[in-house]
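Visitor: Here you go, structure13.csv (CSV, C-alpha atoms):
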```
chain,number,residue,atom,x,y,z
A,1132,ASN,CA,11.9,-31.3,-0.2
A,1133,HIS,CA,13.9,-28.1,-0.7
A,1134,ASN,CA,12.8,-26.7,2.7
A,1135,PHE,CA,13.7,-30.0,4.5
A,1136,GLN,CA,17.1,-29.9,3.0
A,1137,LYS,CA,17.8,-26.3,4.0
A,1138,VAL,CA,16.7,-26.9,7.6
A,1139,PHE,CA,17.9,-30.5,8.4
A,1140,VAL,CA,20.9,-30.9,6.0
A,1141,GLU,CA,22.3,-27.4,5.6
A,1142,GLY,CA,21.3,-26.1,9.1
A,1143,GLU,CA,19.5,-23.0,7.8
A,1144,ILE,CA,16.3,-21.4,9.0
A,1145,GLY,CA,13.4,-22.8,7.0
A,1146,TYR,CA,10.3,-21.1,5.7
A,1147,ILE,CA,6.7,-22.2,5.8
A,1148,GLU,CA,5.4,-23.0,2.3
A,1149,GLY,CA,3.7,-19.9,0.8
A,1150,VAL,CA,5.3,-17.5,3.2
A,1151,VAL,CA,5.1,-13.9,1.9
A,1152,PHE,CA,8.7,-12.9,2.8
A,1153,GLU,CA,11.8,-15.1,2.3
A,1154,ASN,CA,14.0,-12.1,1.6
A,1155,TRP,CA,14.9,-11.2,5.2
A,1156,GLY,CA,17.6,-11.7,7.7
A,1157,ILE,CA,18.7,-10.3,11.0
A,1158,GLY,CA,21.1,-7.4,11.2
A,1159,ASP,CA,21.6,-3.8,12.4
A,1160,PHE,CA,19.4,-0.9,11.5
A,1161,ASP,CA,21.3,1.6,9.3
A,1162,GLU,CA,21.0,4.8,11.4
A,1163,THR,CA,22.5,7.0,8.6
A,1164,LEU,CA,19.6,6.6,6.1
A,1165,PRO,CA,17.7,9.8,5.1
A,1166,LEU,CA,14.5,7.8,4.3
A,1167,GLN,CA,13.2,6.9,7.7
A,1168,CYS,CA,9.8,7.0,9.5
A,1169,PHE,CA,7.6,4.8,11.7
A,1170,GLY,CA,4.5,2.8,10.9
A,1171,GLN,CA,1.7,2.0,13.3
A,1172,ASP,CA,-1.1,-0.5,13.5
A,1173,TYR,CA,-3.8,-0.4,16.1
A,1174,GLY,CA,-5.4,-3.0,18.2
A,1175,PHE,CA,-6.7,-3.4,21.7
A,1176,SER,CA,-7.9,-6.7,23.3
A,1177,ASN,CA,-7.4,-9.3,20.6
A,1178,ASP,CA,-4.7,-7.6,18.5
A,1179,PRO,CA,-1.8,-5.5,19.6
A,1180,SER,CA,-1.0,-1.9,18.8
A,1181,THR,CA,2.4,-1.8,17.1
A,1182,LEU,CA,5.1,0.8,16.2
A,1183,VAL,CA,7.8,-0.2,13.7
A,1184,ARG,CA,10.7,1.9,12.6
A,1185,VAL,CA,11.4,1.7,8.9
A,1186,GLY,CA,14.4,2.8,6.9
A,1187,ILE,CA,15.0,2.4,3.2
A,1188,ASP,CA,18.2,2.3,1.1
A,1189,ASN,CA,16.8,2.6,-2.4
A,1190,LYS,CA,20.1,2.4,-4.1
A,1191,ALA,CA,21.0,-1.0,-2.5
A,1192,LYS,CA,17.3,-2.1,-2.3
A,1193,ILE,CA,17.5,-2.7,1.4
A,1194,LEU,CA,14.6,-2.2,3.8
A,1195,TYR,CA,15.5,-1.9,7.5
A,1196,LEU,CA,12.9,-2.7,10.2
A,1197,HIS,CA,13.0,-2.3,14.0
A,1198,GLU,CA,10.1,-3.1,16.4
A,1199,GLY,CA,9.4,-0.2,18.7
A,1200,PHE,CA,6.6,-1.9,20.6
A,1201,VAL,CA,3.9,-4.6,20.3
A,1202,LEU,CA,1.4,-4.4,23.1
A,1203,LYS,CA,-2.3,-5.1,23.8
A,1204,GLY,CA,-4.7,-3.1,25.8
A,1205,LEU,CA,-3.2,0.3,25.2
A,1206,GLY,CA,-5.4,3.5,25.4
A,1207,THR,CA,-4.7,6.7,23.5
A,1208,GLY,CA,-2.7,8.2,26.4
A,1209,LYS,CA,-0.3,5.2,26.6
A,1210,ILE,CA,0.1,5.0,22.8
A,1211,GLN,CA,0.9,8.8,22.8
A,1212,GLU,CA,3.5,8.3,25.6
A,1213,LEU,CA,5.2,5.4,23.8
A,1214,ASN,CA,5.2,7.1,20.4
A,1215,ALA,CA,6.6,10.3,21.9
A,1216,THR,CA,9.4,8.3,23.7
A,1217,ILE,CA,10.3,6.1,20.7
A,1218,ALA,CA,9.6,8.2,17.6
A,1219,GLY,CA,9.8,11.8,19.0
A,1220,LYS,CA,8.9,14.2,16.2
A,1221,GLN,CA,9.6,11.8,13.4
A,1222,THR,CA,6.7,10.9,11.1
A,1223,ILE,CA,4.4,8.1,12.2
A,1224,VAL,CA,2.1,6.6,9.5
A,1225,GLY,CA,-0.9,5.1,11.2
A,1226,ASP,CA,-3.7,2.8,10.0
A,1227,ARG,CA,-6.4,5.0,8.5
A,1228,ALA,CA,-9.0,2.6,9.9
A,1229,GLU,CA,-8.4,4.5,13.1
A,1230,LEU,CA,-8.7,8.1,12.0
A,1231,ARG,CA,-10.2,9.3,15.3
A,1232,LEU,CA,-7.1,7.9,17.1
A,1233,ILE,CA,-4.7,9.4,14.6
A,1234,LYS,CA,-6.4,12.8,15.1
A,1235,GLU,CA,-6.2,12.5,18.9
A,1236,LEU,CA,-2.5,11.6,18.6
A,1237,ARG,CA,-1.8,14.4,16.2
A,1238,ALA,CA,-3.4,16.9,18.6
A,1239,THR,CA,-0.8,15.9,21.3
A,1240,GLY,CA,2.0,17.2,18.9
A,1241,LEU,CA,2.9,13.9,17.3
A,1242,ASN,CA,3.8,14.0,13.6
A,1243,MET,CA,1.0,11.6,12.5
A,1244,VAL,CA,-0.3,10.9,9.0
A,1245,GLU,CA,-2.7,8.2,7.9
A,1246,CYS,CA,-1.8,5.5,5.5
A,1247,VAL,CA,-3.2,5.3,2.0
A,1248,LYS,CA,-5.3,2.2,1.4
A,1249,GLY,CA,-7.3,1.0,-1.6
A,1250,LYS,CA,-8.5,-2.1,-3.4
A,1251,GLY,CA,-5.5,-4.4,-3.9
A,1252,SER,CA,-3.1,-2.1,-2.0
A,1253,VAL,CA,-2.1,-4.8,0.5
A,1254,ALA,CA,-0.9,-7.3,-2.1
A,1255,ALA,CA,0.7,-4.5,-4.2
A,1256,SER,CA,2.7,-3.2,-1.3
A,1257,LEU,CA,3.8,-6.6,-0.2
A,1258,LYS,CA,5.0,-7.4,-3.7
A,1259,LEU,CA,7.0,-4.1,-3.8
A,1260,MET,CA,8.5,-5.0,-0.4
A,1261,GLN,CA,9.6,-8.4,-1.8
A,1262,ASP,CA,11.9,-6.4,-4.2
A,1263,TYR,CA,14.0,-5.4,-1.2
A,1264,ARG,CA,16.3,-7.3,1.0
A,1265,ILE,CA,14.8,-6.9,4.5
A,1266,ILE,CA,17.0,-6.5,7.5
A,1267,VAL,CA,15.3,-6.9,10.9
A,1268,THR,CA,17.0,-6.1,14.2
A,1269,LYS,CA,17.7,-9.0,16.5
A,1270,ASP,CA,15.5,-7.5,19.2
A,1271,SER,CA,12.5,-7.4,16.9
A,1272,VAL,CA,11.2,-10.9,18.0
A,1273,ASN,CA,7.5,-10.3,17.2
A,1274,LEU,CA,8.4,-9.0,13.8
A,1275,GLN,CA,10.6,-12.0,13.1
A,1276,LYS,CA,7.8,-14.3,14.2
A,1277,GLU,CA,5.4,-12.6,11.8
A,1278,LEU,CA,7.8,-12.8,8.9
A,1279,ARG,CA,8.2,-16.5,9.5
A,1280,ASN,CA,4.4,-17.1,9.6
A,1281,TYR,CA,2.8,-14.6,7.3
A,1282,VAL,CA,1.6,-16.6,4.2
A,1283,TRP,CA,-0.4,-16.1,1.0
A,1284,LEU,CA,-3.8,-17.8,1.1
A,1285,ALA,CA,-4.8,-17.6,-2.6
A,1286,ASN,CA,-5.2,-15.1,-5.4
A,1287,ASP,CA,-2.6,-12.7,-3.9
A,1288,ILE,CA,-4.5,-12.5,-0.6
A,1289,PRO,CA,-2.4,-12.9,2.5
A,1290,ILE,CA,-3.7,-14.5,5.7
A,1291,ASP,CA,-5.2,-12.0,8.2
A,1292,ASP,CA,-2.9,-13.1,11.0
A,1293,TYR,CA,0.8,-12.6,11.9
A,1294,ASN,CA,0.5,-9.2,10.3
A,1295,HIS,CA,0.4,-6.4,12.9
A,1296,CYS,CA,4.1,-5.4,12.7
A,1297,ILE,CA,4.1,-6.2,9.0
A,1298,ASP,CA,1.1,-3.9,8.4
A,1299,ALA,CA,2.8,-1.1,10.3
A,1300,ALA,CA,6.0,-1.6,8.3
A,1301,ARG,CA,3.9,-1.6,5.1
A,1302,TYR,CA,2.3,1.7,6.0
A,1303,ALA,CA,5.7,3.3,6.5
A,1304,PHE,CA,7.2,1.7,3.4
A,1305,ASP,CA,4.4,3.0,1.3
A,1306,PHE,CA,4.8,6.5,2.7
A,1307,LEU,CA,8.5,6.5,2.1
A,1308,THR,CA,8.3,5.2,-1.4
A,1309,THR,CA,5.2,7.3,-2.6
A,1310,LYS,CA,5.2,10.4,-0.4
A,1311,ASN,CA,6.3,12.6,-3.4
A,1312,THR,CA,3.5,11.3,-5.7
A,1313,GLY,CA,0.7,13.3,-4.2
A,1314,GLN,CA,-0.9,10.4,-2.4
A,1315,TYR,CA,0.0,11.8,1.0
A,1316,ASN,CA,-1.1,15.2,2.3
A,1317,ILE,CA,2.0,16.3,4.2
A,1318,ALA,CA,1.6,19.4,6.4
```
Let's see the structure in the file written out as structure tokens.
Guide:
Amino acid sequence: NHNFQKVFVEGEIGYIEGVVFENWGIGDFDETLPLQCFGQDYGFSNDPSTLVRVGIDNKAKILYLHEGFVLKGLGTGKIQELNATIAGKQTIVGDRAELRLIKELRATGLNMVECVKGKGSVAASLKLMQDYRIIVTKDSVNLQKELRNYVWLANDIPIDDYNHCIDAARYAFDFLTTKNTGQYNIA
């Protein structure tokens, strides 16, 4: 068993079989990157709301991720407060399933845009992210847990669990890699 050997013989971190991302490690976020923004996924009682900072070095094919927050039970006011503190005026790409919330956050002065979704977009984005080496900051413990546990079910469909930070990262990644293609309406 290849995974058994990596963990128990070579002392490395192992991966669950079928895990979506094996191409990641822990490191520092590159603060100098011109391609940066935030992604945001929303939840309330069962799922957390998340904010993830994303930076891309396209030349080196490196994707940098840093967890801003992962919290349950947040109302619009608290999300706005955390977003303003962490992201400031930087672009935040939110889950378009919550257009009302994005509109309310935009009205407070936050630079909010909704993500682009469509049939097959989740798998397509995940596969594009697999082309990059992913660097996750050491403090991003929830994101690390998700990366270790987010697996493919079948037919390019990932499990609908361990994905709140990953979804936020995916929204920002899509924005940064396609914002000049006309898919995004940027004011």
Visitor: To one decimal place in Å, what is the distance between atom CA of Ile1233 of chain A and atom CA of Glu1245 of chain A?
Guide: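 Answer for the atom CA of Ile1233 of chain A to atom CA of Glu1245 of chain A separation: 7.1 Å.
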Visitor: Could you please determine the separation between atom CA of Pro1179 of chain A and atom CA of Val1201 of chain A in Å, to one decimal place?
Guide: 5.8 Å
Visitor: Show me, as a VMD selection string, the residues that have an atom within 8 Å of segment 1275-1282 of chain A when counting all atoms listed in the file, minus same-chain residues fewer than 2 positions from it.
Guide: chain A and resid 1146 to 1152 1267 1271 to 1273 1284 1289 to 1290 1292 to 1294 1296 to 1297
Visitor: Residues as selected, C-alpha atoms, written as a short mmCIF file (atom, residue, chain, number, x, y, z; two decimals), in the coordinates of the input, can you do that?
Guide:
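Saved as out.cif:
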```cif
data_model
loop_
_atom_site.label_atom_id
_atom_site.label_comp_id
_atom_site.auth_asym_id
_atom_site.auth_seq_id
_atom_site.Cartn_x
_atom_site.Cartn_y
_atom_site.Cartn_z
CA TYR A 1146 10.30 -21.10 5.70
CA ILE A 1147 6.70 -22.20 5.80
CA GLU A 1148 5.40 -23.00 2.30
CA GLY A 1149 3.70 -19.90 0.80
CA VAL A 1150 5.30 -17.50 3.20
CA VAL A 1151 5.10 -13.90 1.90
CA PHE A 1152 8.70 -12.90 2.80
CA VAL A 1267 15.30 -6.90 10.90
CA SER A 1271 12.50 -7.40 16.90
CA VAL A 1272 11.20 -10.90 18.00
CA ASN A 1273 7.50 -10.30 17.20
CA LEU A 1284 -3.80 -17.80 1.10
CA PRO A 1289 -2.40 -12.90 2.50
CA ILE A 1290 -3.70 -14.50 5.70
CA ASP A 1292 -2.90 -13.10 11.00
CA TYR A 1293 0.80 -12.60 11.90
CA ASN A 1294 0.50 -9.20 10.30
CA CYS A 1296 4.10 -5.40 12.70
CA ILE A 1297 4.10 -6.20 9.00
#
```
Visitor: Would you list the residues near (15.0, -11.6, 5.8), meaning any protein, DNA or RNA residue with an atom at most 8 Å from that point in file coordinates, counting only C-alpha atoms, as a count of residues only?
Guide: 11
Visitor: Could you give me, as a tab-separated table, every segment 1206-1313 of chain A residue with an atom at most 12 Å from segment 1165-1175 of chain A, plus its closest atom pair and distance in Å to one decimal, counting only C-alpha atoms, rows ordered by chain then number?
Guide:
```
residue	atom	partner	partner_atom	distance
A:Gly1206	CA	A:Phe1175	CA	7.9
A:Thr1207	CA	A:Tyr1173	CA	10.3
A:Lys1209	CA	A:Phe1175	CA	11.8
A:Ile1210	CA	A:Tyr1173	CA	9.4
A:Gln1211	CA	A:Gln1171	CA	11.7
A:Leu1213	CA	A:Gln1171	CA	11.6
A:Asn1214	CA	A:Phe1169	CA	9.3
A:Ala1215	CA	A:Phe1169	CA	11.6
A:Ile1217	CA	A:Phe1169	CA	9.5
A:Ala1218	CA	A:Phe1169	CA	7.1
A:Gly1219	CA	A:Phe1169	CA	10.4
A:Lys1220	CA	A:Cys1168	CA	9.9
A:Gln1221	CA	A:Cys1168	CA	6.2
A:Thr1222	CA	A:Cys1168	CA	5.2
A:Ile1223	CA	A:Phe1169	CA	4.6
A:Val1224	CA	A:Gly1170	CA	4.7
A:Gly1225	CA	A:Gln1171	CA	4.6
A:Asp1226	CA	A:Asp1172	CA	5.5
A:Arg1227	CA	A:Asp1172	CA	9.1
A:Ala1228	CA	A:Tyr1173	CA	8.6
A:Glu1229	CA	A:Tyr1173	CA	7.4
A:Leu1230	CA	A:Tyr1173	CA	10.6
A:Arg1231	CA	A:Tyr1173	CA	11.6
A:Leu1232	CA	A:Tyr1173	CA	9.0
A:Ile1233	CA	A:Gln1171	CA	9.9
A:Leu1236	CA	A:Gln1171	CA	11.7
A:Leu1241	CA	A:Phe1169	CA	11.7
A:Asn1242	CA	A:Cys1168	CA	10.1
A:Met1243	CA	A:Phe1169	CA	9.5
A:Val1244	CA	A:Gly1170	CA	9.6
A:Glu1245	CA	A:Gln1171	CA	9.3
A:Cys1246	CA	A:Gly1170	CA	8.7
A:Asn1294	CA	A:Asp1172	CA	9.4
A:His1295	CA	A:Asp1172	CA	6.1
A:Cys1296	CA	A:Asp1172	CA	7.2
A:Ile1297	CA	A:Asp1172	CA	8.9
A:Asp1298	CA	A:Asp1172	CA	6.5
A:Ala1299	CA	A:Gly1170	CA	4.3
A:Ala1300	CA	A:Gly1170	CA	5.3
A:Arg1301	CA	A:Gly1170	CA	7.3
A:Tyr1302	CA	A:Gly1170	CA	5.5
A:Ala1303	CA	A:Gly1170	CA	4.6
A:Phe1304	CA	A:Gly1170	CA	8.0
A:Asp1305	CA	A:Gly1170	CA	9.6
A:Phe1306	CA	A:Cys1168	CA	8.5
A:Leu1307	CA	A:Leu1166	CA	6.5
A:Thr1308	CA	A:Leu1166	CA	8.8
A:Thr1309	CA	A:Leu1166	CA	11.6
A:Lys1310	CA	A:Leu1166	CA	10.7
```
Visitor: Could you rebuild segment 1158-1184 of chain A with N, CA and C atoms and give it back as a PDB file, keeping the file's coordinate frame?
Guide:
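As a result, selection.pdb now contains:
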```pdb
ATOM      1  N   GLY A1158      19.954  -8.240  11.308  1.00  0.00           N
ATOM      2  CA  GLY A1158      21.100  -7.400  11.200  1.00  0.00           C
ATOM      3  C   GLY A1158      20.850  -6.057  11.959  1.00  0.00           C
ATOM      4  N   ASP A1159      21.757  -5.125  11.801  1.00  0.00           N
ATOM      5  CA  ASP A1159      21.600  -3.800  12.400  1.00  0.00           C
ATOM      6  C   ASP A1159      20.870  -2.840  11.571  1.00  0.00           C
ATOM      7  N   PHE A1160      20.152  -1.942  12.205  1.00  0.00           N
ATOM      8  CA  PHE A1160      19.400  -0.900  11.500  1.00  0.00           C
ATOM      9  C   PHE A1160      20.441   0.171  11.076  1.00  0.00           C
ATOM     10  N   ASP A1161      20.369   0.607   9.834  1.00  0.00           N
ATOM     11  CA  ASP A1161      21.300   1.600   9.300  1.00  0.00           C
ATOM     12  C   ASP A1161      20.774   3.003   9.779  1.00  0.00           C
ATOM     13  N   GLU A1162      21.422   3.553  10.789  1.00  0.00           N
ATOM     14  CA  GLU A1162      21.000   4.800  11.400  1.00  0.00           C
ATOM     15  C   GLU A1162      21.280   6.029  10.485  1.00  0.00           C
ATOM     16  N   THR A1163      22.055   5.855   9.419  1.00  0.00           N
ATOM     17  CA  THR A1163      22.500   7.000   8.600  1.00  0.00           C
ATOM     18  C   THR A1163      21.472   7.265   7.439  1.00  0.00           C
ATOM     19  N   LEU A1164      20.454   6.440   7.279  1.00  0.00           N
ATOM     20  CA  LEU A1164      19.600   6.600   6.100  1.00  0.00           C
ATOM     21  C   LEU A1164      18.704   7.838   6.222  1.00  0.00           C
ATOM     22  N   PRO A1165      18.611   8.595   5.118  1.00  0.00           N
ATOM     23  CA  PRO A1165      17.700   9.800   5.100  1.00  0.00           C
ATOM     24  C   PRO A1165      16.261   9.415   5.014  1.00  0.00           C
ATOM     25  N   LEU A1166      15.933   8.250   4.443  1.00  0.00           N
ATOM     26  CA  LEU A1166      14.500   7.800   4.300  1.00  0.00           C
ATOM     27  C   LEU A1166      14.154   6.937   5.486  1.00  0.00           C
ATOM     28  N   GLN A1167      13.573   7.571   6.518  1.00  0.00           N
ATOM     29  CA  GLN A1167      13.200   6.900   7.700  1.00  0.00           C
ATOM     30  C   GLN A1167      11.854   7.429   8.235  1.00  0.00           C
ATOM     31  N   CYS A1168      11.018   6.581   8.800  1.00  0.00           N
ATOM     32  CA  CYS A1168       9.800   7.000   9.500  1.00  0.00           C
ATOM     33  C   CYS A1168       9.336   5.793  10.321  1.00  0.00           C
ATOM     34  N   PHE A1169       8.191   5.925  10.933  1.00  0.00           N
ATOM     35  CA  PHE A1169       7.600   4.800  11.700  1.00  0.00           C
ATOM     36  C   PHE A1169       6.228   4.493  11.108  1.00  0.00           C
ATOM     37  N   GLY A1170       5.856   3.225  11.233  1.00  0.00           N
ATOM     38  CA  GLY A1170       4.500   2.800  10.900  1.00  0.00           C
ATOM     39  C   GLY A1170       3.819   2.294  12.119  1.00  0.00           C
ATOM     40  N   GLN A1171       2.485   2.445  12.137  1.00  0.00           N
ATOM     41  CA  GLN A1171       1.700   2.000  13.300  1.00  0.00           C
ATOM     42  C   GLN A1171       0.436   1.372  12.961  1.00  0.00           C
ATOM     43  N   ASP A1172       0.210   0.222  13.607  1.00  0.00           N
ATOM     44  CA  ASP A1172      -1.100  -0.500  13.500  1.00  0.00           C
ATOM     45  C   ASP A1172      -1.699  -0.494  14.854  1.00  0.00           C
ATOM     46  N   TYR A1173      -3.036  -0.523  14.884  1.00  0.00           N
ATOM     47  CA  TYR A1173      -3.800  -0.400  16.100  1.00  0.00           C
ATOM     48  C   TYR A1173      -4.579  -1.626  16.460  1.00  0.00           C
ATOM     49  N   GLY A1174      -4.618  -1.958  17.712  1.00  0.00           N
ATOM     50  CA  GLY A1174      -5.400  -3.000  18.200  1.00  0.00           C
ATOM     51  C   GLY A1174      -5.831  -2.686  19.637  1.00  0.00           C
ATOM     52  N   PHE A1175      -6.435  -3.628  20.345  1.00  0.00           N
ATOM     53  CA  PHE A1175      -6.700  -3.400  21.700  1.00  0.00           C
ATOM     54  C   PHE A1175      -6.754  -4.714  22.517  1.00  0.00           C
ATOM     55  N   SER A1176      -7.857  -5.439  22.485  1.00  0.00           N
ATOM     56  CA  SER A1176      -7.900  -6.700  23.300  1.00  0.00           C
ATOM     57  C   SER A1176      -7.411  -7.895  22.585  1.00  0.00           C
ATOM     58  N   ASN A1177      -7.826  -8.123  21.347  1.00  0.00           N
ATOM     59  CA  ASN A1177      -7.400  -9.300  20.600  1.00  0.00           C
ATOM     60  C   ASN A1177      -6.074  -9.098  19.868  1.00  0.00           C
ATOM     61  N   ASP A1178      -5.913  -7.925  19.311  1.00  0.00           N
ATOM     62  CA  ASP A1178      -4.700  -7.600  18.500  1.00  0.00           C
ATOM     63  C   ASP A1178      -3.907  -6.528  19.215  1.00  0.00           C
ATOM     64  N   PRO A1179      -2.592  -6.547  19.017  1.00  0.00           N
ATOM     65  CA  PRO A1179      -1.800  -5.500  19.600  1.00  0.00           C
ATOM     66  C   PRO A1179      -1.712  -4.233  18.826  1.00  0.00           C
ATOM     67  N   SER A1180      -1.386  -3.156  19.510  1.00  0.00           N
ATOM     68  CA  SER A1180      -1.000  -1.900  18.800  1.00  0.00           C
ATOM     69  C   SER A1180       0.531  -2.072  18.616  1.00  0.00           C
ATOM     70  N   THR A1181       1.020  -1.588  17.479  1.00  0.00           N
ATOM     71  CA  THR A1181       2.400  -1.800  17.100  1.00  0.00           C
ATOM     72  C   THR A1181       3.041  -0.446  16.659  1.00  0.00           C
ATOM     73  N   LEU A1182       4.325  -0.330  16.807  1.00  0.00           N
ATOM     74  CA  LEU A1182       5.100   0.800  16.200  1.00  0.00           C
ATOM     75  C   LEU A1182       6.363   0.158  15.668  1.00  0.00           C
ATOM     76  N   VAL A1183       6.615   0.389  14.368  1.00  0.00           N
ATOM     77  CA  VAL A1183       7.800  -0.200  13.700  1.00  0.00           C
ATOM     78  C   VAL A1183       8.549   0.927  13.000  1.00  0.00           C
ATOM     79  N   ARG A1184       9.833   0.977  13.268  1.00  0.00           N
ATOM     80  CA  ARG A1184      10.700   1.900  12.600  1.00  0.00           C
ATOM     81  C   ARG A1184      11.136   1.331  11.256  1.00  0.00           C
TER      82      ARG A1184
END
```
